[in-house]
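Trainee: Dropping in final.cif, which is mmCIF, C-alpha atoms:
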data_final
#
loop_
_atom_site.label_atom_id
_atom_site.label_comp_id
_atom_site.auth_asym_id
_atom_site.auth_seq_id
_atom_site.Cartn_x
_atom_site.Cartn_y
_atom_site.Cartn_z
CA MET A 1 0.00 0.00 0.00
CA THR A 2 1.28 3.50 -0.84
CA GLU A 3 2.46 5.34 2.27
CA GLN A 4 0.09 8.15 3.22
CA GLN A 5 1.31 11.60 3.99
CA ILE A 6 1.05 12.52 7.65
CA PHE A 7 -2.22 14.36 8.34
CA VAL A 8 -1.68 17.53 10.37
CA LEU A 9 -4.37 18.03 13.00
CA ASP A 10 -5.57 21.62 13.32
CA PRO A 11 -4.55 22.89 16.78
CA THR A 12 -7.33 25.49 16.70
CA GLY A 13 -10.08 22.89 16.14
CA SER A 14 -11.76 25.29 13.72
CA ASP A 15 -13.64 22.60 11.73
CA HIS A 16 -13.25 19.29 13.48
CA HIS A 17 -16.22 17.70 11.71
CA ALA A 18 -14.52 18.09 8.32
CA GLU A 19 -11.30 16.85 9.90
CA ASP A 20 -13.11 13.80 11.30
CA ARG A 21 -14.49 12.93 7.86
CA ALA A 22 -11.00 13.23 6.38
CA LEU A 23 -9.55 10.95 9.05
CA ARG A 24 -12.22 8.28 8.50
CA ALA A 25 -11.57 8.41 4.76
CA ARG A 26 -7.92 7.50 5.39
CA GLY A 27 -8.79 4.14 6.95
CA ALA A 28 -9.16 2.57 10.37
CA ALA A 29 -6.02 4.37 11.53
CA THR A 30 -3.75 6.96 9.99
CA ARG A 31 -0.60 8.78 10.97
CA VAL A 32 -1.18 12.32 12.19
CA ASP A 33 0.86 15.23 13.44
CA VAL A 34 -0.19 16.36 16.94
CA LEU A 35 1.65 19.65 17.53
CA GLY A 36 4.84 18.16 16.11
CA VAL A 37 4.46 14.63 17.50
CA THR A 38 3.61 11.82 15.08
CA ALA A 39 0.96 9.37 16.26
CA TRP A 40 -1.56 6.92 14.82
CA SER A 41 -5.06 8.41 15.01
CA VAL A 42 -7.51 5.52 15.41
CA SER A 43 -11.00 6.35 14.18
CA ASP A 44 -12.50 2.92 13.52
CA PRO A 45 -14.58 2.06 16.61
CA ARG A 46 -13.92 -1.69 16.46
CA LEU A 47 -10.17 -1.21 16.19
CA LEU A 48 -10.20 1.50 18.85
CA ARG A 49 -12.09 -0.67 21.34
CA ARG A 50 -9.67 -3.51 20.69
CA LEU A 51 -6.62 -1.32 21.27
CA LEU A 52 -8.10 0.26 24.40
CA THR A 53 -8.45 -3.18 25.98
CA SER A 54 -5.23 -4.71 24.65
CA PRO A 55 -2.33 -5.50 27.02
CA GLU A 56 -0.10 -4.58 24.08
CA VAL A 57 -1.09 -0.90 24.41
CA SER A 58 0.13 1.22 27.32
CA LYS A 59 -0.40 4.75 28.62
CA ASP A 60 2.99 4.77 30.37
CA GLY A 61 5.21 6.81 28.07
CA ARG A 62 8.16 6.70 30.45
CA ALA A 63 8.35 2.95 30.14
CA HIS A 64 7.04 2.32 26.64
CA TRP A 65 7.78 5.27 24.36
CA PRO A 66 11.32 5.68 23.04
CA ASP A 67 10.64 9.35 22.22
CA TYR A 68 9.41 10.19 25.73
CA ALA A 69 12.44 12.04 27.13
CA GLU A 70 12.95 14.15 24.04
CA THR A 71 9.24 14.94 23.69
CA VAL A 72 8.48 16.07 27.24
CA ALA A 73 11.22 18.67 27.00
CA THR A 74 9.63 20.53 24.08
CA TRP A 75 6.02 19.39 23.48
CA PRO A 76 3.23 21.80 24.51
CA LEU A 77 1.10 18.80 25.60
CA ALA A 78 3.87 17.27 27.74
CA LEU A 79 1.66 17.25 30.86
CA TRP A 80 -0.71 14.78 29.19
CA ILE A 81 2.03 12.13 29.14
CA ALA A 82 4.24 13.25 32.03
CA VAL A 83 1.71 13.66 34.86
CA ASP A 84 2.11 10.87 37.41
CA ASN A 85 -1.30 9.34 38.12
CA MET A 86 -3.58 6.52 36.97
CA PHE A 87 -4.16 8.32 33.65
CA THR A 88 -0.56 7.55 32.60
CA ALA A 89 -0.14 4.25 34.43
CA TYR A 90 -0.08 0.69 33.08
CA GLY A 91 -0.88 -2.74 34.47
CA GLY A 92 -0.45 -3.23 38.20
CA GLU A 93 0.48 0.41 38.79
CA HIS A 94 -2.75 1.52 37.17
CA ARG A 95 -4.77 -0.89 39.30
CA ARG A 96 -3.07 0.33 42.49
CA LEU A 97 -3.75 4.00 41.77
CA ARG A 98 -7.30 3.47 40.53
CA ARG A 99 -8.16 1.42 43.62
CA MET A 100 -7.41 4.40 45.87
CA VAL A 101 -9.45 6.86 43.80
CA ALA A 102 -12.46 4.64 42.97
CA PRO A 103 -14.30 5.07 46.32
CA ALA A 104 -14.85 8.77 45.55
CA PHE A 105 -17.10 7.81 42.63
CA GLY A 106 -18.93 4.78 44.02
CA SER A 107 -22.68 4.66 43.56
CA ARG A 108 -23.38 5.41 47.23
CA ARG A 109 -21.14 8.50 47.30
CA VAL A 110 -22.51 9.80 43.98
CA GLY A 111 -26.07 9.20 45.18
CA ALA A 112 -25.31 11.14 48.33
CA MET A 113 -24.24 14.11 46.20
CA ARG A 114 -27.61 14.35 44.42
CA PRO A 115 -29.13 16.88 46.87
CA ALA A 116 -26.02 19.07 46.62
CA VAL A 117 -26.10 18.97 42.81
CA GLU A 118 -29.81 19.82 42.77
CA SER A 119 -29.26 22.68 45.20
CA LEU A 120 -26.38 24.11 43.16
CA VAL A 121 -28.43 23.91 39.95
CA ALA A 122 -31.39 25.63 41.61
CA ALA A 123 -29.21 28.46 42.93
CA LEU A 124 -27.62 29.07 39.54
CA LEU A 125 -31.01 29.11 37.80
CA ASP A 126 -32.43 31.40 40.47
CA ASP A 127 -29.66 33.86 39.65
CA LEU A 128 -30.34 33.59 35.92
CA ALA A 129 -34.03 34.22 36.56
CA THR A 130 -33.17 37.71 37.83
CA ARG A 131 -31.88 38.77 34.40
CA PRO A 132 -34.17 41.09 32.43
CA ALA A 133 -36.24 39.57 29.63
CA GLY A 134 -34.43 39.78 26.31
CA GLN A 135 -30.98 40.21 27.87
CA VAL A 136 -28.24 38.15 26.24
CA VAL A 137 -26.54 35.77 28.68
CA ASP A 138 -23.41 33.69 28.05
CA LEU A 139 -24.75 30.36 29.28
CA ARG A 140 -21.31 28.75 29.15
CA GLU A 141 -19.94 31.37 31.54
CA GLU A 142 -23.04 31.67 33.73
CA LEU A 143 -24.10 28.01 34.03
CA ALA A 144 -21.93 25.46 32.22
CA TYR A 145 -18.76 26.55 34.03
CA PRO A 146 -19.91 27.29 37.59
CA LEU A 147 -21.90 24.09 38.13
CA PRO A 148 -19.13 21.49 37.63
CA ILE A 149 -16.58 23.79 39.27
CA ALA A 150 -18.78 23.95 42.36
CA VAL A 151 -19.43 20.19 42.33
CA VAL A 152 -15.78 19.20 41.98
CA GLY A 153 -14.87 21.93 44.46
CA GLN A 154 -17.16 20.36 47.06
CA LEU A 155 -16.00 16.84 46.24
CA MET A 156 -12.33 17.75 46.50
CA GLY A 157 -12.65 20.37 49.22
CA VAL A 158 -11.23 23.21 47.12
CA PRO A 159 -11.79 26.50 48.99
CA GLU A 160 -14.02 29.01 47.18
CA GLU A 161 -11.18 31.52 46.79
CA GLN A 162 -9.01 28.97 44.96
CA ARG A 163 -11.58 27.75 42.42
CA LYS A 164 -11.28 30.61 39.93
CA GLY A 165 -7.52 30.15 39.78
CA PHE A 166 -7.87 26.41 39.16
CA ARG A 167 -10.27 27.09 36.32
CA ALA A 168 -7.81 29.26 34.39
CA LEU A 169 -5.02 26.71 34.84
CA VAL A 170 -7.18 23.77 33.74
CA ASP A 171 -8.46 25.67 30.70
CA ASN A 172 -4.84 26.02 29.60
CA VAL A 173 -4.23 22.28 30.02
CA PHE A 174 -6.89 21.65 27.35
CA SER A 175 -5.72 24.45 25.06
CA THR A 176 -3.60 23.37 22.09
CA THR A 177 -2.55 26.83 20.95
CA LEU A 178 -0.09 27.57 23.77
CA THR A 179 3.63 27.64 23.05
CA ALA A 180 5.84 25.11 24.80
CA GLU A 181 7.05 27.88 27.11
CA GLU A 182 3.50 28.96 27.99
CA ALA A 183 2.46 25.36 28.63
CA THR A 184 5.49 24.75 30.85
CA ALA A 185 4.71 27.85 32.89
CA ASN A 186 1.08 26.80 33.24
CA THR A 187 2.10 23.32 34.40
CA ALA A 188 4.40 24.80 37.03
CA ALA A 189 1.60 27.06 38.27
CA LEU A 190 -0.81 24.11 38.34
CA TYR A 191 1.54 22.00 40.47
CA GLU A 192 2.13 24.96 42.77
CA ALA A 193 -1.62 25.42 43.23
CA MET A 194 -2.08 21.73 44.03
CA GLY A 195 0.76 21.95 46.51
CA ARG A 196 -0.99 24.82 48.30
CA LEU A 197 -4.20 22.78 48.43
CA ILE A 198 -2.35 19.85 50.01
CA VAL A 199 -0.74 22.12 52.62
CA SER A 200 -4.10 23.65 53.55
CA LYS A 201 -5.80 20.24 53.79
CA ARG A 202 -3.02 18.77 55.91
CA ALA A 203 -3.46 21.70 58.28
CA ALA A 204 -7.26 21.46 58.36
CA PRO A 205 -8.48 18.12 56.96
CA GLY A 206 -12.15 17.51 56.24
CA GLU A 207 -14.40 14.82 54.79
CA ASP A 208 -13.50 15.80 51.22
CA MET A 209 -11.63 13.57 48.78
CA THR A 210 -8.42 15.60 48.94
CA SER A 211 -8.19 15.04 52.68
CA LEU A 212 -8.88 11.32 52.25
CA LEU A 213 -6.20 10.98 49.56
CA ILE A 214 -3.68 12.83 51.73
CA ALA A 215 -4.51 10.52 54.62
CA ALA A 216 -3.93 7.50 52.38
CA ARG A 217 -0.55 8.94 51.43
CA ASP A 218 0.51 9.82 54.99
CA GLU A 219 -0.83 6.75 56.77
CA GLU A 220 0.07 3.98 54.34
CA GLY A 221 3.53 5.26 53.48
CA ASP A 222 5.88 3.62 51.00
CA GLY A 223 4.44 0.83 48.87
CA GLY A 224 0.82 1.29 49.93
CA GLY A 225 -0.35 4.80 49.27
CA PHE A 226 0.58 7.54 46.84
CA THR A 227 4.02 8.95 46.33
CA ASP A 228 4.20 12.73 46.60
CA ASP A 229 4.21 13.03 42.78
CA GLU A 230 1.28 10.63 42.46
CA LEU A 231 -0.74 12.62 44.99
CA LEU A 232 -0.13 15.85 43.09
CA GLY A 233 -0.88 14.16 39.76
CA THR A 234 -4.06 12.54 41.05
CA LEU A 235 -5.41 15.87 42.29
CA ILE A 236 -4.65 17.41 38.89
CA LEU A 237 -6.53 14.60 37.17
CA MET A 238 -9.59 14.69 39.41
CA ILE A 239 -10.00 18.46 39.40
CA SER A 240 -9.34 18.98 35.68
CA ALA A 241 -11.30 16.00 34.36
CA GLY A 242 -14.02 16.68 36.91
CA TYR A 243 -15.14 19.92 35.36
CA GLU A 244 -13.76 20.75 31.90
CA THR A 245 -15.48 17.85 30.19
CA THR A 246 -18.84 18.47 31.88
CA VAL A 247 -18.76 22.11 30.81
CA ASN A 248 -18.51 21.05 27.18
CA VAL A 249 -21.39 18.58 27.33
CA ILE A 250 -23.74 21.18 28.85
CA ASP A 251 -22.66 23.58 26.11
CA GLN A 252 -23.16 21.07 23.27
CA ALA A 253 -26.47 19.70 24.57
CA VAL A 254 -27.99 23.17 24.86
CA THR A 255 -26.69 24.07 21.40
CA ALA A 256 -28.25 20.95 19.89
CA LEU A 257 -31.65 21.60 21.46
CA LEU A 258 -31.74 25.24 20.43
CA THR A 259 -30.53 24.62 16.89
CA ASP A 260 -33.52 22.49 15.88
CA PRO A 261 -36.89 22.62 17.72
CA VAL A 262 -37.62 19.01 16.73
CA HIS A 263 -35.29 17.83 19.51
CA LEU A 264 -37.16 19.73 22.20
CA GLY A 265 -40.36 18.40 20.71
CA HIS A 266 -39.18 14.83 21.32
CA LEU A 267 -38.41 15.64 24.97
CA ARG A 268 -41.64 17.47 25.65
CA ALA A 269 -43.78 14.83 23.97
CA GLY A 270 -42.09 12.00 25.85
CA ARG A 271 -40.52 10.43 22.75
CA ALA A 272 -37.11 10.85 24.43
CA GLY A 273 -35.88 11.49 27.96
CA TRP A 274 -33.15 13.66 29.45
CA ASP A 275 -30.88 10.62 29.69
CA ASP A 276 -31.28 10.27 25.92
CA LEU A 277 -30.19 13.88 25.49
CA VAL A 278 -27.06 13.32 27.56
CA GLU A 279 -26.06 10.10 25.79
CA GLU A 280 -26.74 11.42 22.29
CA THR A 281 -24.73 14.55 23.05
CA LEU A 282 -21.86 12.43 24.33
CA ARG A 283 -22.01 10.40 21.14
CA HIS A 284 -22.51 13.25 18.70
CA GLU A 285 -20.26 15.90 20.31
CA PRO A 286 -18.03 14.22 22.91
CA SER A 287 -16.33 16.64 25.27
CA VAL A 288 -12.90 15.30 24.27
CA LYS A 289 -12.23 14.87 20.54
CA HIS A 290 -8.73 13.33 20.66
CA LEU A 291 -7.04 12.02 23.82
CA PRO A 292 -3.22 11.92 23.99
CA LEU A 293 -1.51 9.37 24.11
CA ARG A 294 -1.04 5.61 24.19
CA PHE A 295 1.93 3.51 23.06
CA ALA A 296 2.33 0.19 21.27
CA LEU A 297 4.20 -2.49 23.22
CA ALA A 298 4.39 -4.73 20.14
CA ASP A 299 3.80 -4.48 16.39
CA ILE A 300 0.03 -4.18 15.81
CA PRO A 301 -1.26 -5.18 12.35
CA LEU A 302 -3.99 -2.98 10.87
CA PRO A 303 -6.89 -4.19 8.67
CA ASP A 304 -5.32 -2.67 5.53
CA GLY A 305 -1.97 -4.40 5.99
CA ARG A 306 -0.09 -1.53 7.61
CA VAL A 307 1.44 -1.90 11.05
CA ILE A 308 1.56 0.27 14.14
CA ALA A 309 5.16 -0.47 15.09
CA ARG A 310 6.30 -1.19 18.61
CA GLY A 311 7.06 2.05 20.41
CA GLU A 312 4.86 4.23 18.21
CA ALA A 313 2.31 6.60 19.72
CA ILE A 314 -1.46 6.11 19.38
CA LEU A 315 -4.13 8.83 19.55
CA ALA A 316 -7.64 7.78 20.61
CA SER A 317 -9.86 9.83 18.29
CA TYR A 318 -13.16 9.52 20.16
CA GLY A 319 -15.02 12.20 18.25
CA THR A 320 -14.17 10.58 14.93
CA ALA A 321 -15.05 7.07 16.11
CA ASN A 322 -18.35 8.05 17.73
CA ARG A 323 -19.75 9.20 14.38
CA HIS A 324 -18.41 6.31 12.34
CA PRO A 325 -21.04 4.98 9.89
CA ASP A 326 -19.92 1.41 10.58
CA TRP A 327 -21.16 1.93 14.14
CA HIS A 328 -24.20 4.18 13.79
CA GLY A 329 -25.14 3.81 10.14
CA PRO A 330 -25.55 6.43 7.43
CA SER A 331 -27.18 8.86 9.89
CA ALA A 332 -24.19 8.82 12.27
CA ASP A 333 -23.54 12.53 11.67
CA ARG A 334 -27.13 13.42 12.58
CA PHE A 335 -28.09 14.39 16.13
CA ASP A 336 -31.10 12.15 16.85
CA LEU A 337 -32.57 11.69 20.31
CA THR A 338 -34.73 8.80 19.09
CA ARG A 339 -31.96 6.61 17.67
CA ARG A 340 -32.06 3.24 19.39
CA SER A 341 -28.32 2.88 19.94
CA LYS A 342 -26.50 5.85 21.41
CA GLU A 343 -23.36 3.91 22.28
CA HIS A 344 -20.23 6.01 22.45
CA MET A 345 -16.72 6.17 23.86
CA ALA A 346 -16.93 9.68 25.26
CA PHE A 347 -15.89 8.35 28.68
CA GLY A 348 -13.23 6.09 27.21
CA HIS A 349 -13.27 2.31 27.17
CA GLY A 350 -11.59 -0.53 29.02
CA VAL A 351 -9.55 -0.20 32.21
CA HIS A 352 -9.20 3.56 31.78
CA PHE A 353 -12.96 4.16 31.54
CA CYS A 354 -13.72 7.43 33.35
CA LEU A 355 -14.47 6.88 37.05
CA GLY A 356 -16.37 10.16 37.15
CA ALA A 357 -18.95 9.16 34.54
CA PRO A 358 -21.82 8.55 37.04
CA LEU A 359 -21.28 11.94 38.69
CA ALA A 360 -21.05 13.70 35.33
CA ARG A 361 -24.30 12.08 34.17
CA LEU A 362 -26.03 13.15 37.39
CA GLU A 363 -24.93 16.76 36.87
CA LEU A 364 -25.86 16.78 33.20
CA VAL A 365 -29.35 15.32 33.50
CA THR A 366 -30.16 17.57 36.45
CA VAL A 367 -28.99 20.85 34.94
CA LEU A 368 -30.43 20.28 31.46
CA ARG A 369 -33.82 19.15 32.72
CA GLU A 370 -34.13 22.05 35.16
CA LEU A 371 -32.82 24.64 32.70
CA PHE A 372 -35.46 23.90 30.09
CA THR A 373 -38.17 23.59 32.72
CA ARG A 374 -37.38 27.01 34.17
CA PHE A 375 -36.78 28.68 30.80
CA PRO A 376 -39.04 27.06 28.17
CA ASP A 377 -38.51 30.02 25.79
CA LEU A 378 -34.72 29.76 25.87
CA GLU A 379 -33.19 30.60 22.49
CA LEU A 380 -29.79 31.18 20.90
CA ALA A 381 -28.91 34.86 20.60
CA VAL A 382 -26.83 34.24 17.46
CA PRO A 383 -27.11 31.75 14.59
CA ALA A 384 -25.53 28.42 15.52
CA ALA A 385 -23.05 28.81 12.65
CA GLU A 386 -21.61 31.86 14.41
CA LEU A 387 -20.66 29.97 17.59
CA THR A 388 -16.88 29.86 17.74
CA PRO A 389 -15.18 26.57 18.71
CA LEU A 390 -12.65 26.42 21.51
CA PRO A 391 -9.07 26.67 20.20
CA SER A 392 -8.26 23.05 20.91
CA LEU A 393 -7.90 19.72 19.16
CA ILE A 394 -8.74 18.07 22.50
CA SER A 395 -11.60 20.02 24.11
CA ASN A 396 -14.90 20.18 22.22
CA GLY A 397 -17.00 23.21 23.07
CA HIS A 398 -17.57 26.86 22.21
CA ARG A 399 -15.83 29.98 23.42
CA THR A 400 -19.19 31.43 24.41
CA LEU A 401 -22.83 30.33 24.29
CA PRO A 402 -24.96 33.51 24.02
CA VAL A 403 -28.66 32.91 24.69
CA ARG A 404 -31.82 34.79 25.58
CA LEU A 405 -33.60 33.21 28.51
CA ARG A 406 -36.93 34.88 27.67
CA PRO A 407 -38.28 36.94 24.78
CA ALA A 408 -37.75 40.68 25.08
CA ALA A 409 -41.50 41.29 25.30
CA ALA A 410 -43.63 38.47 26.66
CA PRO A 411 -47.31 38.93 25.64
CA ALA A 412 -49.82 39.43 28.46
CA ALA A 413 -52.66 36.94 28.78
CA ALA A 414 -56.26 38.20 28.72
CA GLY A 415 -57.28 39.38 32.16
CA GLY A 416 -53.80 39.94 33.56
CA PRO A 417 -50.05 39.47 33.20
CA VAL A 418 -48.51 36.15 32.25
CA ALA A 419 -47.68 34.07 35.30
CA ALA A 420 -44.36 32.26 35.57
CA ASP A 421 -45.36 28.76 34.47
CA ALA A 422 -42.69 26.12 33.94
CA SER A 423 -45.09 24.03 31.85
CA ARG A 424 -45.57 26.79 29.25
CA VAL A 425 -43.84 25.82 26.02
CA ARG A 426 -43.68 27.16 22.52
CA PRO A 427 -45.33 25.10 19.78
CA VAL A 428 -42.84 22.65 18.31
CA PRO A 429 -43.41 21.03 14.92
CA GLU A 430 -43.72 17.29 14.76
CA PRO A 431 -40.94 15.62 12.77
CA ASP A 432 -41.81 14.47 9.28
CA ALA A 433 -41.86 10.73 8.77
CA GLN A 434 -38.85 10.87 6.45
CA ASP A 435 -36.82 12.63 9.18
CA ASP A 436 -37.17 9.77 11.65
CA HIS A 437 -33.78 8.04 11.40
CA ARG A 438 -34.05 5.50 14.17
CA GLN A 439 -31.36 2.85 14.06
#
Do you think you could lay out the structure here as structure tokens?
Mentor:
Amino acid sequence: MTEQQIFVLDPTGSDHHAEDRALRARGAATRVDVLGVTAWSVSDPRLLRRLLTSPEVSKDGRAHWPDYAETVATWPLALWIAVDNMFTAYGGEHRRLRRMVAPAFGSRRVGAMRPAVESLVAALLDDLATRPAGQVVDLREELAYPLPIAVVGQLMGVPEEQRKGFRALVDNVFSTTLTAEEATANTAALYEAMGRLIVSKRAAPGEDMTSLLIAARDEEGDGGGFTDDELLGTLILMISAGYETTVNVIDQAVTALLTDPVHLGHLRAGRAGWDDLVEETLRHEPSVKHLPLRFALADIPLPDGRVIARGEAILASYGTANRHPDWHGPSADRFDLTRRSKEHMAFGHGVHFCLGAPLARLELVTVLRELFTRFPDLELAVPAAELTPLPSLISNGHRTLPVRLRPAAAPAAAGGPVAADASRVRPVPEPDAQDDHRQ
């Protein structure tokens, strides 16, 4: 087979849907340039699932990537492979680290957080309800960001005054337009901030997860708990993954519902539920498009006869795989709340499947359901085509999400003013028969 030219991924993420189609057209996997690093982008869902569960694929670059030392010195995304936590661990080390974090996201603990999530959502919506009718509100800034920041802040015990600083640092982790120098400075600031959090929690421990992880480190000591680097790296993982990805799903779900009234019609008529909205958004617009990096421990043959050679890097291209027609048929690119299968890999697959998925789903269902109940006339303030994507090949959201919560002039009902009624909805057209693309 003729060797393909390396496909350069756009660091600004300006048109990732076109990029996804181009990647799928190049086969199950293709070599790509990720800010100067060459990796195999895997877009075929069957191949990707196989690699994500294969013992011949590792996330430990230190041990299994010959280019590791040279790359971490100059690559803007070095933190993604150099951070020391379960995200970059392999085999027994991964199991050890995951075992200590898993209790934070058990069903009982997540269930116990439901009242707190509902209370946070209600408070945020109460604040939005004070805005004048017709006023444009950036829903990403006013709702999508503060909810998961508050949830992860409570879970991890991050003091209120530190949360804004963490947000700016985490946003930069997901940016792919920083220079290597800017990324290095951001990483140093991020580690410094985590160090301050550890110091404050050692001085005044609580029932939060940070205090529990510190206790595991201090009480178990060598061989049982975290090393100092693993503790820092684990806090970085839990705080960054705990909010950035949820922000994007809120953003994308709201955008989908406001772009075409048919989707809201399905929800309001009971043809789909809020869980369907969350899962279809995760499939159609996953919060992470490409996730760096994994590494081949042996030569891996591809369906077309090419080979991912031992030691080469692998990029899990979740956004590309989730819309693959071999998985979801010819309508894979269509957002469809009524499709029977909404399977996706937005939370990963295999041993590295996201531990925070149940908490994220709780937040997402709660905030989306309550938002559209409180503001049934919610509408985009600009055409959807004018929403600007985040400058990232990793993070999948918009820079802003301008909306109007209510029309500028709500008509008065006969006999008196219109009462605030959460059941009031605008007429929504029924979908035509030919538009029903159930799988």
Trainee: Evaluate the PyMOL selection byres ((chain A and resi 406) around 6) against this structure - the residues, as a compact mmCIF listing (two decimals) with C-alpha atoms, in the frame of the given file, please.
Mentor:
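Writing the result to part.txt gives the following:
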# COMPACT_ATOMS: atom_id res chain seq x y z
CA ALA A 133 -36.24 39.57 29.63
CA GLY A 134 -34.43 39.78 26.31
CA ASP A 377 -38.51 30.02 25.79
CA LEU A 378 -34.72 29.76 25.87
CA ARG A 404 -31.82 34.79 25.58
CA LEU A 405 -33.60 33.21 28.51
CA PRO A 407 -38.28 36.94 24.78
Trainee: For Ser317 of chain A, work out the shell of residues within 10 Å, counting all atoms listed in the file and skipping chain neighbours fewer than 6 positions away, then give it as a ChimeraX atom specification.
Mentor: /A:20,23,29,40-45,48,288-292,345-346,394
Trainee: Those selected residues, please, written with C-alpha atoms and delivered as a PDB file, keeping the file's coordinate frame.
Mentor:
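The resulting file, result-v9.pdb, is shown below:
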ATOM      1  CA  ASP A  20     -13.110  13.800  11.300  1.00  0.00           C
ATOM      2  CA  LEU A  23      -9.550  10.950   9.050  1.00  0.00           C
ATOM      3  CA  ALA A  29      -6.020   4.370  11.530  1.00  0.00           C
ATOM      4  CA  TRP A  40      -1.560   6.920  14.820  1.00  0.00           C
ATOM      5  CA  SER A  41      -5.060   8.410  15.010  1.00  0.00           C
ATOM      6  CA  VAL A  42      -7.510   5.520  15.410  1.00  0.00           C
ATOM      7  CA  SER A  43     -11.000   6.350  14.180  1.00  0.00           C
ATOM      8  CA  ASP A  44     -12.500   2.920  13.520  1.00  0.00           C
ATOM      9  CA  PRO A  45     -14.580   2.060  16.610  1.00  0.00           C
ATOM     10  CA  LEU A  48     -10.200   1.500  18.850  1.00  0.00           C
ATOM     11  CA  VAL A 288     -12.900  15.300  24.270  1.00  0.00           C
ATOM     12  CA  LYS A 289     -12.230  14.870  20.540  1.00  0.00           C
ATOM     13  CA  HIS A 290      -8.730  13.330  20.660  1.00  0.00           C
ATOM     14  CA  LEU A 291      -7.040  12.020  23.820  1.00  0.00           C
ATOM     15  CA  PRO A 292      -3.220  11.920  23.990  1.00  0.00           C
ATOM     16  CA  MET A 345     -16.720   6.170  23.860  1.00  0.00           C
ATOM     17  CA  ALA A 346     -16.930   9.680  25.260  1.00  0.00           C
ATOM     18  CA  ILE A 394      -8.740  18.070  22.500  1.00  0.00           C
TER      19      ILE A 394
END
Trainee: Please provide the set of residues having any atom within 6 Å of Leu139 of chain A, restricted to all atoms listed in the file, with same-chain residues fewer than 3 positions apart removed, written as a PyMOL selection string.
Mentor: chain A and resi 142-143+401
Trainee: Mind dumping a table of every segment 39-151 of chain A residue within 12 Å of segment 224-244 of chain A, with the nearest atom pair and its distance in Å to one decimal, using only C-alpha atoms, sorted by chain and rising number, as a tab-separated table?
Mentor:
residue	atom	partner	partner_atom	distance
A:Leu79	CA	A:Gly233	CA	9.8
A:Trp80	CA	A:Leu237	CA	9.9
A:Ile81	CA	A:Gly233	CA	11.2
A:Ala82	CA	A:Gly233	CA	9.3
A:Val83	CA	A:Gly233	CA	5.6
A:Asp84	CA	A:Gly233	CA	5.0
A:Asn85	CA	A:Gly233	CA	5.1
A:Met86	CA	A:Thr234	CA	7.3
A:Phe87	CA	A:Leu237	CA	7.6
A:Thr88	CA	A:Gly233	CA	9.7
A:Ala89	CA	A:Glu230	CA	10.4
A:Glu93	CA	A:Phe226	CA	10.8
A:His94	CA	A:Glu230	CA	11.3
A:Arg96	CA	A:Gly224	CA	8.5
A:Leu97	CA	A:Phe226	CA	7.5
A:Arg98	CA	A:Thr234	CA	9.6
A:Arg99	CA	A:Gly225	CA	10.2
A:Met100	CA	A:Gly225	CA	7.8
A:Val101	CA	A:Thr234	CA	8.3
A:Ala102	CA	A:Met238	CA	11.0
A:Ala104	CA	A:Met238	CA	10.0
A:Phe105	CA	A:Met238	CA	10.7
A:Arg140	CA	A:Glu244	CA	11.3
A:Ala144	CA	A:Tyr243	CA	9.3
A:Tyr145	CA	A:Tyr243	CA	7.7
A:Pro146	CA	A:Tyr243	CA	9.1
A:Leu147	CA	A:Tyr243	CA	8.4
A:Pro148	CA	A:Tyr243	CA	4.9
A:Ile149	CA	A:Tyr243	CA	5.7
A:Ala150	CA	A:Tyr243	CA	8.9
A:Val151	CA	A:Tyr243	CA	8.2
Trainee: Leaving out Leu257 of chain A and any residue of its chain fewer than 5 positions from it, which residues lie within 12 Å of it when counting all atoms listed in the file, given as a PyMOL selection string?
Mentor: chain A and resi 250-252+262-268+274+277-278+280-281+335-337+368-369+371-372+376-380+384+428
Trainee: Identify all residues satisfying the PyMOL selection byres ((chain A and resi 24) around 12) in the given file; provide them as a ChimeraX atom specification.
Mentor: /A:7,17-23,25-31,41-45,317-326
Trainee: Considering only C-alpha atoms, return as a list in words whatever protein or nucleic-acid residues lie within 9 Å of Leu190 of chain A, sequence-local ones (same chain, fewer than 4 positions apart) excluded.
Mentor: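 The contact residues come out as Phe166, Leu169, Val170, Ala185, Asn186, Met194, Gly195 and Ile236 of chain A.
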Trainee: For Leu77 of chain A, work out the shell of residues within 10 Å, counting only C-alpha atoms and skipping chain neighbours fewer than 2 positions away, then give it as a list in words.
Mentor: Val34, Leu35, Val37, Thr71, Val72, Thr74, Trp75, Leu79, Trp80, Ile81, Ala82, Val173, Phe174, Ser175, Thr176, Thr177, Leu178, Thr179, Ala180, Ala183, Thr184, Thr187, Pro292 and Leu293 of chain A
Trainee: At what distance in Å, to one decimal, does atom CA of Asp275 of chain A lie from atom CA of Val136 of chain A?
Mentor: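 Computing the Euclidean distance for atom CA of Val136 of chain A and atom CA of Asp275 of chain A yields 27.9 Å.
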Trainee: Closest to Met209 of chain A among A:Pro261, A:Pro103, A:Pro115, A:Pro159, using all atoms listed in the file?
Mentor: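 Result for the nearest residue to Met209 of chain A: A:Pro103.
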Trainee: Expanded to explicit residues, what is the PyMOL selection byres ((chain A and resi 10) around 9) for this file, as a list in words?
Mentor: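 On this input, the PyMOL selection byres ((chain A and resi 10) around 9) captures Val8, Leu9, Pro11, Thr12, Gly13, Ser14, Asp15, His16, Glu19, Val34, Leu35, Ser392 and Leu393 of chain A.
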Trainee: Enter the distance from atom CA of Arg271 of chain A to atom CA of Val365 of chain A, in Å, rounded to one decimal.
Mentor: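 A separation of 16.3 Å between them.
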Trainee: State, in Å with one decimal place, the distance from atom CA of Leu297 of chain A to atom CA of Glu312 of chain A.
Mentor: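 Atom CA of Leu297 of chain A sits 8.4 Å away from atom CA of Glu312 of chain A.
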